[in-house]
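Working notes for the structure below.
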Amino acid sequence: MARPAIQATAPVANTVFPILFAISIVHLLNDSMQSTVSALFPILKDSLQLSYKQIGLIAFAMNMTASILQPVVGTYADIRPRPYILPAGVCFTLVGVVMLALAPNFATILLAVIAMGIGSAVFHPESSRVAYMAAGSKRGLAQSIFQVGGNIGSSLGPIMTAVLFVPLGQFGVIWFTFVALAGIAIQYYVAGWYKREQAARRAPAKRGTASAGERVMSLSRARIVFAIVILVFLVFSKHVYMSSITSFYSFYLIHDYGVTVEHAQWFLFAFLVASAAGTFFGGPLADRFGRRNIIWLSIFGTAPFSIALPYADLFWSGVLCVFAGFVLSSAFSIIVVYAQELLPGNVGLISGLFFGLAFGLGGLGSVVLGWIADATSIAYIMKLCAYLPLLGVLAVLLPKDRHAAAAS
């Protein structure tokens with residue numbers, strides 16, 4: 001008997017690329033502001049004499065705030081969509097940036113990153129909904145365009161450390177107020193389109209007509225729940241490993257290879273640029289070859305690179321890190337689209353849940369790994385986390401999506 005597959009009605013809506021590019025740009029701006037936090041870690045550790053545990057707690061405070069609030073925001077927006085919450089969310093990030101630039105102590109830094117976490121909690125689920133609405137028949141591509149902006153923004157963190165924060169210190173963050181203001185302006189434009197599109201879709205919804213491109217599911221509730229649980233495990237493996245690199249890889253290079261702070265940041269930058277490239281290519285590949293196939297290849301396929309990385313010399317460590325970033329990062333946008341298609345009537349909840357999990361697991365991973373690093377060593381963290389991508393084998397348990405089913 002054939003395994004149940006995700007079916008689809010024929011999509012008729014066009015892909016709205018100007019809106020996709022707009023939210024991708026705001027994602028870039030938002031995540032570049034967030035990346036100032038991790039970019040400041042080497043500076044703050046020396047200036048405020050922070051432990052690795054405190055470094056982990058800073059990441060934990062920001063990410064857990066976003067993690068807890070994002071499903072709440074997404075669920076509320078499913079019931080009562082509020083387009084103009086988009087620019088309002090960036091206002092919280094603006095407040096956090098100003099506080100971070102002026103923070104005199106550890107407690108104030110925690111308050112600053114909590115404000116930035118609230119901004120992300122509003123931004124990510126609603127912007128992911130906009131990507132879903134603007135996608136037409138190209139949902140993988142649309143989600144990749146949206147998320148690649150965030151990856152590029154995150155990749156700027158190490159450059160900011162080397163070019164901006166090392167010479168200017170913590171106060172250099174104040175320049176990102178202009179970035180926040182640009183984000184607010186673009187989100188105001190996106191919110192206007194969102195409001196018009198919402199009104200246009202309301203009429204056919206009232207007549208009971210499925211919106212363009214909606215998936216018609218043939219999976220039982222139990223199969224859907226099982227698939228969501230598997231996706232959660234895959235998000236766990238991806239984001240805890242990503243957290244080990246973004247929070248501690250630069251320290252690993254400094255301590256074990258004797259490189260400078262500036263030199264270490266260029267290695268991290270290469271990893272994050274590779275991650276951005278992987279995010280962009282993952283969506284179109286999933287549209288072509290199937291969501292499940294690319295999810296499996298992305299996470300499990302990272303294992304050879306991650307396992308070899310802690311045992312390589314400096315040059316090959318950088319090469320393996322780049323390959324790991326490229327392969328692993330193609331997964332998340334596809335996981336979000338796959339989950340949205342499992343529950344097409346709950347786009348906000350699914351977006352908030354998975355972005356929240358990404359933030360929460362990343363933050364929890366940072367604080368736990370920081371505690372372990374204080375008790376052991378940074379090198380031990382690299383070796384411990386290297387095996388997480390092996391959990392990608394769980395992707396073979398997912399139901400076939402429509403592309404994979406058609407090819408089998």
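Chain lettering (A, B, ...) mirrors the order of the structure tokens, residue numbering begins at 1 for each chain separately, and ligand numbering begins at 1 in order of display.
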(request) Mind the document's chain letters and residue numbers, and return as a ChimeraX atom specification the residues of segment 138-295 of chain A that DSSP labels alpha helix (DSSP H). (result) /A:139-160,166-168,176-206,221-257,261-289,291-295
(request) Would you mind listing what lies within 7 Å of segment 344-359 of chain A as a list in words, with only C-alpha atoms counted and same-chain residues fewer than 3 positions away left out? (result)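 Surrounding residues, per the criterion: Asn63, Met64, Ala66, Ser67, Ile68, Gln70, Pro71, Val73, Gly74, Thr75, Ala77, Asp78, His124, Pro125, Glu126, Ser128, Arg129, Glu214, Arg215, Val235, His239, Val336, Ala339, Gln340, Glu341, Gly362 and Gly363 of chain A.
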Selection to disk with N, CA and C atoms, as a compact mmCIF listing (two decimals), in the first residue's frame:
# COMPACT_ATOMS: atom_id res chain seq x y z
N ASN A 63 17.09 34.65 22.90
CA ASN A 63 16.46 33.59 22.11
C ASN A 63 15.24 33.00 22.77
N MET A 64 15.26 32.85 24.10
CA MET A 64 14.10 32.29 24.79
C MET A 64 12.93 33.25 24.80
N ALA A 66 12.21 35.32 22.37
CA ALA A 66 11.63 35.14 21.05
C ALA A 66 10.94 33.78 20.93
N SER A 67 11.54 32.76 21.51
CA SER A 67 11.00 31.41 21.41
C SER A 67 9.62 31.29 22.03
N ILE A 68 9.47 31.86 23.21
CA ILE A 68 8.19 31.74 23.93
C ILE A 68 7.10 32.56 23.27
N GLN A 70 6.92 33.79 20.04
CA GLN A 70 6.60 33.64 18.62
C GLN A 70 5.37 32.77 18.36
N PRO A 71 5.22 31.60 19.00
CA PRO A 71 3.97 30.85 18.77
C PRO A 71 2.74 31.61 19.24
N VAL A 73 2.34 34.96 19.20
CA VAL A 73 2.08 35.97 18.16
C VAL A 73 1.48 35.30 16.93
N GLY A 74 2.04 34.17 16.51
CA GLY A 74 1.55 33.48 15.33
C GLY A 74 0.12 33.00 15.48
N THR A 75 -0.20 32.43 16.65
CA THR A 75 -1.55 31.94 16.88
C THR A 75 -2.56 33.07 16.92
N ALA A 77 -2.29 35.94 15.42
CA ALA A 77 -2.43 36.47 14.07
C ALA A 77 -3.26 35.56 13.17
N ASP A 78 -3.27 34.25 13.44
CA ASP A 78 -4.16 33.35 12.70
C ASP A 78 -5.62 33.71 12.95
N HIS A 124 9.26 37.50 12.95
CA HIS A 124 9.45 36.26 12.20
C HIS A 124 8.15 35.54 11.81
N PRO A 125 7.21 35.28 12.73
CA PRO A 125 6.01 34.55 12.28
C PRO A 125 5.17 35.32 11.29
N GLU A 126 5.02 36.64 11.49
CA GLU A 126 4.19 37.41 10.58
C GLU A 126 4.86 37.62 9.23
N SER A 128 6.98 35.48 7.92
CA SER A 128 6.88 34.18 7.27
C SER A 128 5.50 33.98 6.66
N ARG A 129 4.46 34.49 7.33
CA ARG A 129 3.11 34.43 6.75
C ARG A 129 3.05 35.24 5.46
N GLU A 214 -3.48 26.23 -1.98
CA GLU A 214 -3.62 25.54 -0.70
C GLU A 214 -3.48 24.03 -0.88
N ARG A 215 -2.90 23.40 0.08
CA ARG A 215 -2.73 21.95 0.05
C ARG A 215 -4.00 21.26 0.56
N VAL A 235 14.88 20.14 13.80
CA VAL A 235 15.22 21.53 14.16
C VAL A 235 16.18 21.56 15.34
N HIS A 239 19.81 23.40 15.00
CA HIS A 239 20.05 24.68 15.67
C HIS A 239 20.97 24.57 16.88
N VAL A 336 10.05 24.57 7.44
CA VAL A 336 8.93 25.48 7.69
C VAL A 336 7.84 25.30 6.64
N ALA A 339 6.01 21.97 7.12
CA ALA A 339 5.08 22.02 8.25
C ALA A 339 3.86 22.88 7.93
N GLN A 340 4.06 24.00 7.21
CA GLN A 340 2.93 24.83 6.81
C GLN A 340 1.97 24.07 5.92
N GLU A 341 2.50 23.22 5.06
CA GLU A 341 1.64 22.43 4.18
C GLU A 341 0.95 21.29 4.91
N GLY A 362 18.39 27.30 20.06
CA GLY A 362 19.68 27.97 19.94
C GLY A 362 20.10 28.62 21.24
N GLY A 363 19.14 29.29 21.91
CA GLY A 363 19.46 29.93 23.19
C GLY A 363 19.74 28.93 24.28
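Comparing the minimum interatomic distances between Leu342 of chain A and each of A:Phe300, A:Tyr84, A:Phe226, A:Phe176, counting only C-alpha atoms, we find that A:Phe226 sits nearest.
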(request) May I have the residues within 7 Å of Val90 of chain A as a list in words, using only C-alpha atoms and disregarding those fewer than 4 positions away in the same chain? (result) Leu94, Gly119, Ala180, Gly183 and Ile184 of chain A
(request) Go through A:Thr376, A:Phe281, A:Pro389, A:Gly290 and flag the residue nearest Ala324 of chain A, using only C-alpha atoms for the distances. (result)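 Once distances to Ala324 of chain A are computed over only C-alpha atoms, the minimum belongs to A:Pro389.
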(message) Between A:Gly258, A:Pro304, A:Pro81, A:Gly318, which residue has the minimum interatomic distance to Ile245 of chain A, considering only C-alpha atoms?
(response) A:Gly318
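Around Trp175 of chain A, within 10 Å and counting only C-alpha atoms, the residues found are Met33, Val97, Val98, Ala101, Leu164, Phe171, Gly172, Phe178, Val179 and Ala180 of chain A, once anything fewer than 3 positions away on its own chain is removed.
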(message) Could you tell me how far atom CA of Ala39 of chain A sits from atom CA of Gly153 of chain A, in Å to one decimal place?
(response) 11.8 Å
(request) Check the smallest atom-to-atom distance from each of A:Gln170, A:Ser51, A:Thr279, A:Asn30 to Met99 of chain A using only C-alpha atoms, then report the winner. (result)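 Of the candidates, the smallest distance to Met99 of chain A is held by A:Gln170.
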(request) Could you tell me how far atom CA of Ala274 of chain A lies from atom CA of Ile152 of chain A, in Å and to one decimal? (result) 9.4 Å
Extract, using only C-alpha atoms, all DNA, RNA and protein residues at most 8 Å from Val95 of chain A, discarding same-chain residues fewer than 3 positions from it, and format them as a PDB file with C-alpha atoms, in the first residue's frame.
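Contents of out-v9.pdb, freshly written:
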ATOM      1  CA  CYS A  91      10.433  49.337  17.162  1.00  0.00           C
ATOM      2  CA  PHE A  92      11.226  46.894  19.998  1.00  0.00           C
ATOM      3  CA  VAL A  98      19.992  51.693  21.929  1.00  0.00           C
ATOM      4  CA  MET A  99      20.067  49.933  25.303  1.00  0.00           C
ATOM      5  CA  ALA A 112      18.484  44.993  25.969  1.00  0.00           C
ATOM      6  CA  ALA A 115      13.740  43.812  23.965  1.00  0.00           C
ATOM      7  CA  MET A 116      15.418  42.561  20.799  1.00  0.00           C
TER       8      MET A 116
END
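Separating atom CA of Gly370 of chain A from atom CA of Gln49 of chain A is a distance of 14.9 Å.
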